[in-house]
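Shown below: target31.txt, with compact mmCIF, C-alpha atoms.
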```
# COMPACT_ATOMS: atom_id res chain seq x y z
CA MET S 1 1.61 -16.09 45.38
CA THR S 2 -1.00 -13.65 44.40
CA ALA S 3 -4.28 -12.79 45.90
CA ALA S 4 -6.03 -13.92 42.77
CA LEU S 5 -4.65 -17.41 43.10
CA SER S 6 -5.42 -17.69 46.78
CA ALA S 7 -8.91 -16.45 45.97
CA GLY S 8 -9.32 -19.67 44.07
CA ILE S 9 -9.32 -18.44 40.50
CA ASN S 10 -8.81 -21.35 38.17
CA PRO S 11 -7.25 -23.69 40.75
CA ALA S 12 -7.29 -26.60 38.37
CA ALA S 13 -4.65 -25.11 36.15
CA SER S 14 -1.40 -26.23 37.67
CA VAL S 15 0.59 -24.07 35.34
CA TRP S 16 -0.23 -20.93 37.28
CA GLN S 17 0.73 -22.66 40.53
CA CYS S 18 3.97 -23.67 38.93
CA ILE S 19 4.84 -20.18 37.73
CA ALA S 20 3.79 -18.55 40.99
CA GLU S 21 5.91 -20.93 43.03
CA ARG S 22 8.91 -20.76 40.76
CA PHE S 23 8.88 -16.96 40.48
CA PRO S 24 7.12 -15.67 43.60
CA ASP S 25 8.61 -12.19 43.20
CA LEU S 26 7.37 -11.57 39.66
CA GLY S 27 3.76 -11.06 40.63
CA LEU S 28 1.65 -13.37 38.52
CA THR S 29 -1.48 -11.32 38.03
CA PRO S 30 -4.73 -12.01 36.23
CA ARG S 31 -5.61 -9.36 33.72
CA PRO S 32 -8.43 -7.24 35.11
CA LEU S 33 -11.66 -7.15 33.21
CA LEU S 34 -12.63 -3.72 34.49
CA ASP S 35 -11.95 -0.63 32.53
CA ARG S 36 -8.97 1.40 33.51
CA GLY S 37 -10.82 3.92 35.63
CA ALA S 38 -11.91 1.34 38.18
CA LYS S 39 -9.52 -0.03 40.75
CA PHE S 40 -8.71 -3.69 40.54
CA SER S 41 -9.17 -5.55 43.77
CA ALA S 42 -9.17 -9.19 44.74
CA GLY S 43 -12.52 -10.67 44.12
CA ALA S 44 -13.43 -8.21 41.43
CA ALA S 45 -13.96 -9.40 37.92
CA ALA S 46 -10.77 -10.83 36.50
CA ALA S 47 -9.85 -13.10 33.69
CA VAL S 48 -9.60 -16.64 34.93
CA ASP S 49 -7.06 -17.78 32.39
CA GLN S 50 -5.25 -14.64 31.29
CA PHE S 51 -2.25 -13.89 33.46
CA PHE S 52 0.74 -11.69 33.03
CA ILE S 53 4.06 -11.41 34.83
CA ALA S 54 6.44 -8.51 34.88
CA VAL S 55 10.02 -9.62 34.45
CA PRO S 56 13.08 -7.43 34.97
CA ALA S 57 15.30 -7.28 31.94
CA GLY S 58 18.15 -9.04 33.70
CA ARG S 59 16.07 -12.18 34.30
CA LEU S 60 14.14 -12.28 31.04
CA VAL S 61 16.14 -15.03 29.34
CA GLU S 62 16.08 -17.22 32.42
CA VAL S 63 12.34 -16.86 32.90
CA MET S 64 11.54 -17.32 29.22
CA THR S 65 13.68 -20.44 28.98
CA PHE S 66 11.88 -21.89 31.98
CA LEU S 67 8.49 -21.07 30.52
CA ARG S 68 9.33 -22.82 27.30
CA ASP S 69 10.98 -25.91 28.78
CA ASP S 70 9.15 -26.70 32.01
CA ALA S 71 6.90 -29.71 31.71
CA ARG S 72 3.91 -27.91 33.19
CA CYS S 73 4.37 -24.71 31.17
CA ARG S 74 5.44 -25.77 27.68
CA PHE S 75 5.03 -22.35 26.07
CA GLU S 76 6.34 -23.53 22.74
CA GLN S 77 5.07 -20.59 20.74
CA LEU S 78 5.86 -16.91 20.96
CA CYS S 79 2.79 -15.41 19.31
CA ASP S 80 3.81 -11.80 19.27
CA VAL S 81 6.25 -9.22 20.54
CA THR S 82 4.79 -5.75 20.92
CA CYS S 83 5.65 -2.59 22.76
CA VAL S 84 3.83 0.18 24.57
CA ASP S 85 5.09 3.71 25.06
CA TYR S 86 3.89 4.85 28.49
CA LEU S 87 4.81 8.49 27.96
CA ASN S 88 2.32 10.67 29.89
CA PHE S 89 0.48 7.55 30.96
CA PRO S 90 -1.11 7.89 34.42
CA ASP S 91 0.84 6.15 37.18
CA ALA S 92 3.40 4.73 34.79
CA ARG S 93 6.86 4.20 36.24
CA ASP S 94 8.61 3.09 33.07
CA ARG S 95 8.70 4.53 29.60
CA TYR S 96 8.49 1.39 27.45
CA GLY S 97 6.86 -1.94 28.10
CA VAL S 98 7.74 -4.79 25.79
CA ASN S 99 5.03 -7.43 25.75
CA TYR S 100 5.46 -11.06 24.87
CA SER S 101 2.43 -13.21 24.11
CA LEU S 102 3.08 -16.87 24.82
CA LEU S 103 0.98 -19.85 23.84
CA SER S 104 1.34 -23.46 24.86
CA LEU S 105 0.47 -25.71 21.98
CA THR S 106 0.48 -28.71 24.32
CA TYR S 107 -1.93 -27.36 26.93
CA GLY S 108 -3.57 -24.46 25.15
CA HIS S 109 -2.91 -21.90 27.88
CA ARG S 110 -1.55 -18.43 27.31
CA LEU S 111 0.65 -16.06 29.25
CA TRP S 112 1.69 -12.47 28.77
CA VAL S 113 5.15 -11.39 29.85
CA LYS S 114 6.06 -7.74 30.32
CA CYS S 115 9.54 -6.34 30.35
CA TYR S 116 10.08 -2.64 30.98
CA ALA S 117 12.79 -0.43 29.53
CA ASN S 118 13.67 3.22 29.90
CA ASP S 119 15.42 6.09 28.18
CA PRO S 120 18.00 7.10 27.16
CA LYS S 121 18.95 3.69 25.77
CA PRO S 122 16.01 1.34 26.17
CA ALA S 123 17.19 -2.23 25.87
CA VAL S 124 15.95 -5.69 26.75
CA PRO S 125 17.54 -9.06 26.05
CA SER S 126 16.59 -10.79 22.84
CA VAL S 127 14.54 -13.96 23.04
CA GLN S 128 15.44 -14.89 19.48
CA PRO S 129 17.75 -17.71 20.73
CA ILE S 130 14.76 -19.16 22.59
CA TRP S 131 12.12 -18.67 19.89
CA PRO S 132 13.66 -18.09 16.43
CA GLY S 133 10.36 -16.54 15.34
CA ALA S 134 11.11 -13.55 17.52
CA ASP S 135 13.57 -12.34 14.90
CA TRP S 136 11.32 -10.12 12.78
CA MET S 137 8.98 -9.18 15.64
CA GLU S 138 11.86 -7.76 17.63
CA ARG S 139 13.08 -5.97 14.54
CA GLU S 140 9.67 -4.37 14.20
CA VAL S 141 9.68 -3.20 17.82
CA PHE S 142 13.15 -1.83 17.31
CA ASP S 143 12.04 -0.08 14.13
CA MET S 144 8.97 1.52 15.66
CA PHE S 145 10.12 2.25 19.23
CA GLY S 146 13.91 2.16 19.20
CA VAL S 147 14.09 -0.51 21.88
CA THR S 148 17.23 -2.51 21.24
CA PHE S 149 17.37 -6.25 21.81
CA ALA S 150 20.72 -7.37 23.16
CA GLY S 151 21.83 -10.58 21.51
CA HIS S 152 19.66 -10.24 18.41
CA PRO S 153 21.61 -11.57 15.43
CA ASP S 154 20.41 -9.02 12.85
CA LEU S 155 18.85 -5.97 14.46
CA ARG S 156 17.99 -3.76 11.47
CA ARG S 157 14.93 -1.74 10.58
CA ILE S 158 12.31 -3.87 8.93
CA LEU S 159 9.40 -1.64 7.85
CA THR S 160 10.72 1.85 7.35
CA TRP S 161 13.28 2.78 4.77
CA ASP S 162 17.04 2.99 4.86
CA GLY S 163 18.26 6.25 6.27
CA PHE S 164 15.17 6.86 8.41
CA GLU S 165 16.31 8.16 11.77
CA ALA S 166 13.22 8.39 13.97
CA TYR S 167 11.11 5.86 15.84
CA PRO S 168 7.61 6.69 14.65
CA LEU S 169 5.42 4.90 17.19
CA ARG S 170 6.90 6.79 20.11
CA LYS S 171 4.31 9.09 21.59
CA ASP S 172 6.48 12.18 21.16
CA TYR S 173 6.85 11.63 17.42
CA PRO S 174 4.43 13.71 15.34
CA LEU S 175 2.05 11.88 13.04
CA ARG S 176 3.20 13.82 9.98
CA GLY S 177 6.84 13.23 10.79
CA ARG S 178 9.64 15.73 10.92
CA GLY S 179 9.99 16.33 7.21
CA GLU S 180 11.25 12.88 6.30
CA ARG S 181 8.55 12.43 3.67
CA GLU S 182 9.68 15.50 1.77
CA ASP S 183 13.36 14.73 1.98
CA TYR S 184 13.92 12.60 -1.07
CA GLU S 185 15.67 12.74 -4.42
CA GLN S 186 13.66 14.27 -7.25
CA ILE S 187 13.48 12.74 -10.68
CA THR S 188 12.89 15.37 -13.33
CA ARG S 189 12.26 14.98 -17.01
CA GLU S 190 15.77 16.22 -17.63
CA SER S 191 17.44 13.78 -15.28
CA ALA S 192 15.43 10.71 -16.17
CA MET W 1 -14.48 2.47 -53.35
CA SER W 2 -13.00 4.09 -56.37
CA ASP W 3 -16.26 5.39 -57.84
CA LYS W 4 -17.25 7.25 -54.67
CA PRO W 5 -15.91 10.70 -53.99
CA THR W 6 -13.66 10.59 -50.95
CA THR W 7 -12.10 13.30 -48.91
CA GLY W 8 -10.03 11.39 -46.40
CA GLY W 9 -7.29 8.83 -46.39
CA PRO W 10 -7.54 5.09 -45.90
CA LEU W 11 -9.05 5.55 -42.47
CA GLN W 12 -12.10 7.23 -43.90
CA HIS W 13 -12.30 4.50 -46.50
CA ALA W 14 -12.21 1.92 -43.78
CA GLY W 15 -14.90 3.73 -41.84
CA ALA W 16 -17.09 3.95 -44.91
CA LYS W 17 -16.77 0.25 -45.53
CA HIS W 18 -18.47 -0.55 -42.27
CA LEU W 19 -21.60 1.14 -43.54
CA VAL W 20 -21.85 -1.45 -46.30
CA ASP W 21 -23.95 -4.44 -45.50
CA PRO W 22 -21.50 -7.35 -45.72
CA HIS W 23 -24.22 -9.62 -47.14
CA THR W 24 -24.76 -7.38 -50.12
CA ALA W 25 -21.17 -6.32 -50.63
CA GLY W 26 -19.93 -6.89 -54.09
CA ALA W 27 -16.55 -7.95 -55.28
CA ASP W 28 -15.45 -4.35 -55.78
CA ASP W 29 -16.13 -3.51 -52.14
CA ILE W 30 -12.95 -5.21 -50.96
CA LEU W 31 -10.84 -2.80 -48.93
CA THR W 32 -7.44 -2.23 -50.37
CA THR W 33 -4.73 0.06 -49.13
CA ARG W 34 -1.99 1.19 -51.38
CA LEU W 35 1.37 2.11 -49.98
CA ASP W 36 1.15 5.67 -51.30
CA GLN W 37 -2.22 6.09 -49.62
CA LEU W 38 -0.67 4.96 -46.37
CA VAL W 39 2.22 7.34 -46.77
CA ASN W 40 -0.17 10.16 -47.57
CA PHE W 41 -2.20 9.31 -44.52
CA PHE W 42 0.74 9.51 -42.16
CA ARG W 43 2.00 12.60 -43.92
CA ARG W 44 -1.35 14.22 -43.24
CA ASN W 45 -1.98 12.89 -39.72
CA GLY W 46 1.52 12.36 -38.49
CA ILE W 47 3.08 9.42 -36.73
CA ASN W 48 1.38 10.67 -33.60
CA TRP W 49 -1.92 9.37 -34.84
CA GLY W 50 -0.58 5.86 -34.53
CA ARG W 51 1.24 6.53 -31.34
CA LYS W 52 -1.67 8.05 -29.49
CA ASN W 53 -3.90 5.14 -30.41
CA SER W 54 -1.50 2.48 -29.22
CA ILE W 55 -0.57 3.54 -25.70
CA TRP W 56 0.84 0.69 -23.67
CA PRO W 57 0.18 1.44 -20.02
CA LEU W 58 2.14 0.15 -17.08
CA PRO W 59 -0.13 0.01 -14.01
CA PHE W 60 1.75 0.83 -10.84
CA ALA W 61 -1.22 -0.21 -8.76
CA THR W 62 -0.66 -0.07 -5.02
CA ALA W 63 -4.22 0.36 -3.76
CA CYS W 64 -7.89 0.43 -4.65
CA CYS W 65 -7.28 2.66 -7.68
CA GLY W 66 -5.70 -0.41 -9.20
CA ILE W 67 -9.05 -2.16 -8.99
CA GLU W 68 -10.64 0.72 -10.88
CA PHE W 69 -7.89 0.45 -13.46
CA MET W 70 -8.71 -3.24 -13.88
CA ALA W 71 -12.38 -2.36 -14.29
CA THR W 72 -11.41 0.20 -16.90
CA ALA W 73 -9.41 -2.35 -18.81
CA ALA W 74 -12.09 -5.02 -18.55
CA SER W 75 -14.92 -5.62 -20.97
CA ARG W 76 -17.49 -3.12 -19.72
CA TYR W 77 -15.38 0.03 -20.05
CA ASP W 78 -13.04 -1.59 -22.52
CA LEU W 79 -9.83 0.36 -22.71
CA ALA W 80 -9.23 -1.37 -26.04
CA ARG W 81 -11.52 1.22 -27.62
CA PHE W 82 -8.68 3.68 -27.07
CA GLY W 83 -5.94 1.33 -28.12
CA ALA W 84 -4.57 1.13 -24.59
CA GLU W 85 -5.55 -2.39 -23.67
CA VAL W 86 -2.04 -3.83 -23.91
CA VAL W 87 -1.13 -3.59 -20.26
CA ARG W 88 2.49 -4.45 -19.66
CA PHE W 89 4.19 -4.98 -16.33
CA SER W 90 7.61 -4.30 -17.70
CA PRO W 91 8.78 -0.69 -18.05
CA ARG W 92 10.77 -1.66 -21.12
CA GLN W 93 7.60 -2.43 -23.02
CA SER W 94 5.36 0.42 -22.00
CA ASP W 95 5.15 4.16 -22.48
CA LEU W 96 2.47 5.27 -20.02
CA LEU W 97 3.02 4.94 -16.28
CA VAL W 98 -0.30 4.88 -14.38
CA CYS W 99 0.48 5.40 -10.70
CA ALA W 100 -2.70 4.14 -9.04
CA GLY W 101 -2.61 4.37 -5.26
CA ARG W 102 -0.61 5.64 -2.34
CA VAL W 103 3.16 5.49 -2.47
CA ALA W 104 5.23 5.09 0.67
CA ILE W 105 8.66 6.64 0.93
CA LYS W 106 10.10 3.15 0.89
CA MET W 107 8.34 2.49 -2.41
CA MET W 108 9.48 5.76 -3.98
CA PRO W 109 12.86 4.51 -5.28
CA VAL W 110 11.07 1.60 -6.94
CA LEU W 111 8.65 3.95 -8.68
CA GLN W 112 11.47 6.23 -9.74
CA ARG W 113 13.50 3.33 -11.06
CA ILE W 114 10.51 2.14 -13.08
CA TYR W 115 10.00 5.63 -14.49
CA GLN W 116 13.65 5.82 -15.48
CA GLN W 117 13.51 2.43 -17.14
CA ILE W 118 10.64 3.39 -19.44
CA SER W 119 12.14 4.39 -22.73
CA GLU W 120 11.29 7.71 -24.35
CA PRO W 121 8.80 8.99 -25.17
CA LYS W 122 6.90 8.37 -21.95
CA TRP W 123 3.98 9.83 -20.05
CA VAL W 124 2.75 9.62 -16.46
CA ILE W 125 -0.78 9.61 -15.06
CA SER W 126 -1.20 10.27 -11.35
CA MET W 127 -4.41 8.41 -10.67
CA GLY W 128 -6.52 9.18 -7.61
CA ALA W 129 -6.25 11.35 -4.54
CA CYS W 130 -3.46 9.36 -2.88
CA ALA W 131 -1.03 9.41 -5.77
CA SER W 132 -1.76 13.07 -6.43
CA THR W 133 -1.81 14.47 -2.89
CA GLY W 134 -1.34 11.66 -0.38
CA GLY W 135 -5.08 11.59 0.19
CA VAL W 136 -6.16 10.67 3.69
CA PHE W 137 -2.74 9.18 4.41
CA ASP W 138 -1.23 12.33 5.84
CA THR W 139 1.49 10.49 7.75
CA TYR W 140 5.24 10.43 8.07
CA ALA W 141 5.77 7.55 5.66
CA VAL W 142 3.50 8.42 2.72
CA VAL W 143 4.50 10.60 -0.20
CA GLN W 144 2.22 13.64 -0.36
CA GLY W 145 1.86 13.59 -4.12
CA ILE W 146 4.21 11.75 -6.43
CA ASP W 147 4.72 14.93 -8.45
CA GLN W 148 7.11 16.05 -5.73
CA PHE W 149 9.53 13.45 -6.97
CA LEU W 150 8.35 12.55 -10.47
CA PRO W 151 7.19 14.52 -13.51
CA VAL W 152 3.44 13.99 -13.92
CA ASP W 153 1.51 14.73 -17.10
CA VAL W 154 -2.10 14.21 -16.10
CA TYR W 155 -3.81 14.13 -12.72
CA VAL W 156 -6.96 12.05 -12.49
CA PRO W 157 -8.98 13.06 -9.43
CA GLY W 158 -11.25 10.78 -7.47
CA CYS W 159 -11.14 8.39 -4.57
CA PRO W 160 -10.95 6.22 -6.51
CA PRO W 161 -11.75 7.74 -9.93
CA ARG W 162 -14.51 6.11 -11.86
CA PRO W 163 -13.46 4.33 -15.04
CA GLU W 164 -14.94 7.15 -17.13
CA THR W 165 -12.63 9.60 -15.41
CA LEU W 166 -9.59 7.43 -16.00
CA ILE W 167 -10.60 7.07 -19.64
CA GLU W 168 -10.80 10.84 -19.83
CA GLY W 169 -7.30 10.96 -18.38
CA ILE W 170 -6.01 8.61 -21.02
CA MET W 171 -7.74 10.70 -23.67
CA ALA W 172 -5.95 13.71 -22.20
CA ILE W 173 -2.69 11.81 -22.71
CA GLN W 174 -3.81 11.24 -26.29
CA ARG W 175 -4.32 14.97 -26.74
CA ILE W 176 -0.86 15.59 -25.33
CA ILE W 177 0.64 13.11 -27.76
CA GLU W 178 -1.25 14.71 -30.60
CA ARG W 179 0.00 18.14 -29.59
CA ASP W 180 3.53 17.43 -28.42
CA GLY W 181 4.29 14.44 -30.52
CA ILE W 182 7.22 12.25 -29.81
CA ARG W 183 9.32 14.95 -28.29
CA ARG W 184 11.37 13.62 -25.43
CA SER W 185 9.91 14.30 -22.03
CA ALA W 186 12.86 16.58 -21.25
CA GLU W 187 11.78 18.82 -24.11
CA ARG W 188 8.21 18.93 -22.87
CA GLY W 189 9.22 20.55 -19.61
CA ARG W 190 8.22 19.59 -16.12
CA GLY W 191 4.58 18.86 -15.68
CA LEU W 192 1.78 20.00 -17.94
CA GLY W 193 -0.66 20.74 -15.15
CA LEU W 194 -3.56 19.04 -16.82
CA VAL W 195 -6.38 18.06 -14.53
CA VAL W 196 -9.05 15.84 -15.92
CA GLU W 197 -12.68 16.70 -15.58
CA PRO W 198 -15.13 13.99 -16.39
CA THR W 199 -17.02 14.71 -19.56
CA VAL W 200 -19.63 12.01 -19.17
CA GLN W 201 -22.60 11.94 -16.89
CA LEU W 202 -21.80 9.72 -13.95
CA GLY W 203 -24.07 7.46 -12.01
CA MET W 204 -26.49 6.42 -14.73
CA ASP W 205 -26.35 2.65 -14.88
CA VAL W 206 -27.80 0.32 -17.47
CA GLY W 207 -30.59 -0.65 -15.12
CA ASP W 208 -31.34 3.00 -14.41
CA ARG W 209 -31.58 3.76 -18.10
CA ALA W 210 -33.94 0.86 -18.62
CA ALA W 211 -36.06 2.00 -15.68
CA ALA W 212 -36.09 5.58 -16.93
CA ALA W 213 -37.08 4.42 -20.39
CA GLY W 214 -39.76 2.17 -18.96
CA SER W 215 -41.30 4.89 -16.80
CA GLY W 216 -41.24 7.34 -19.69
CA SER W 217 -43.33 5.14 -21.98
```
Could you render the structure from this file as structure tokens?
Amino acid sequence: MTAALSAGINPAASVWQCIAERFPDLGLTPRPLLDRGAKFSAGAAAAVDQFFIAVPAGRLVEVMTFLRDDARCRFEQLCDVTCVDYLNFPDARDRYGVNYSLLSLTYGHRLWVKCYANDPKPAVPSVQPIWPGADWMEREVFDMFGVTFAGHPDLRRILTWDGFEAYPLRKDYPLRGRGEREDYEQITRESA
Amino acid sequence: MSDKPTTGGPLQHAGAKHLVDPHTAGADDILTTRLDQLVNFFRRNGINWGRKNSIWPLPFATACCGIEFMATAASRYDLARFGAEVVRFSPRQSDLLVCAGRVAIKMMPVLQRIYQQISEPKWVISMGACASTGGVFDTYAVVQGIDQFLPVDVYVPGCPPRPETLIEGIMAIQRIIERDGIRRSAERGRGLGLVVEPTVQLGMDVGDRAAAAGSGS
């Protein structure tokens, strides 16, 4: 149970009570409305209906299944799967954070779920069996960050080309690449 | 026609006919073309005269340059004046590849396949900053100039080029055809290094001309 809830933020929404009671160790937290330089503290400005929970990779499938199926949660829709590279980020403990944006079509509430992963082989479980729409979104995260999704039925690159080796949205990848854009077959007038 | 002294072939005859007022034209003003005149004409001007005035472009339009290409082909700039209005989206039916816009590495094999599928003789225009140099897209996934991977005949600068500039590029292709003829592209060598410079004054619109004329009087 978080300080934000006990402070009385949005008490009418039973969904947050439900999640906080079911997963007391995951730290249901309202997203702070301050900018990053200011410290968040209970009572400071916070979103009243935007919460996130941090889930360890080993419990992701269990938590996500609960969030979709529980009668008070009903997060039927996975809106997006994104990723953040926390390289050189102040106070960051993990390298990658995979974000899941959930939306309940029944109740209209939203929830953000974070799952952290680390080098050398960042991996999180796939939620494609729970939401089939996660298929291409997880492929995109894999393509851009190299985070693998265990249990994904078809984990291939989706945006970049065949034979591309790097993961371009990682912070240590240079914007102009490492020569991939020059490394291609030439068509000359003689060979065409 | 026959009683006037002529110096040219049937083309000059045809041009002269337009000076005749059709309402006063007599029966002997009917344009006729004899086969030997036609043969003489092509013997004098070459088959390249026909070829350069019937370019069939294939627009490989991936970005805003494609919009300028459409404007060029539309009624105001009227690419039909240069015989290049028959835009085909099949490489089998075209002989001028207009690469208009940025090309990602993933798109490069498609562009190369299209170039290979165009039958000889064929020409390539690299239209705009992105196709020629990558433009502002200096990133890992964008080709920094399609001439790294494809033979290019004419570069049309601009971001995007105005229709006049693209027309000048197509006229440069016409000059190449006139000069090189129907030689295969392999015999023409790699790249001709032609860069188009606009020969028309840019920026003067119809309204501006009317205003200038009105203020002058």
Using only C-alpha atoms, which chain W residues lie at most 8 Å away from chain S, written as a ChimeraX atom specification? /W:105-106,112,115-116,138-144,148-151,185-186,189-190
Distance query range 60-66 of chain W at most 8 Å, all atoms listed in the file, self and fewer than 2 positions along chain excluded, as a PyMOL selection string: chain W and resi 58+68-70+97-103+111+127-128+159-161
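Atom pair CA of Gly134 in chain W / CA of Ile146 in chain W has a distance of 8.2 Å (rounded to one decimal).
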Could you give me, as a PyMOL selection string, the residues within 12 Å of Leu155 in chain S, counting only C-alpha atoms and dropping anything in the same chain fewer than 6 positions from it? chain S and resi 126+128+134-143+146-149
Writing out the chosen residues with C-alpha atoms as a short mmCIF file (atom, residue, chain, number, x, y, z; two decimals), in the coordinates of the input:
```cif
data_model
loop_
_atom_site.label_atom_id
_atom_site.label_comp_id
_atom_site.auth_asym_id
_atom_site.auth_seq_id
_atom_site.Cartn_x
_atom_site.Cartn_y
_atom_site.Cartn_z
CA SER S 126 16.59 -10.79 22.84
CA GLN S 128 15.44 -14.89 19.48
CA ALA S 134 11.11 -13.55 17.52
CA ASP S 135 13.57 -12.34 14.90
CA TRP S 136 11.32 -10.12 12.78
CA MET S 137 8.98 -9.18 15.64
CA GLU S 138 11.86 -7.76 17.63
CA ARG S 139 13.08 -5.97 14.54
CA GLU S 140 9.67 -4.37 14.20
CA VAL S 141 9.68 -3.20 17.82
CA PHE S 142 13.15 -1.83 17.31
CA ASP S 143 12.04 -0.08 14.13
CA GLY S 146 13.91 2.16 19.20
CA VAL S 147 14.09 -0.51 21.88
CA THR S 148 17.23 -2.51 21.24
CA PHE S 149 17.37 -6.25 21.81
#
```
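Atom pair CA of Trp112 in chain S / CA of Leu78 in chain S: separated by 9.9 Å.
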Hey, can you pull every residue with an atom no more than 10 Å from (-2.8, -6.7, -17.6), using all atoms listed in the file, and send it as number ranges by chain? W: 57-59, 69-70, 73-74, 85-89
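You can rank S:Tyr116, S:Trp131, S:Tyr100, S:Phe66 by their closest distance to Phe52 in chain S using all atoms listed in the file, and at the top of that list sits S:Tyr100.
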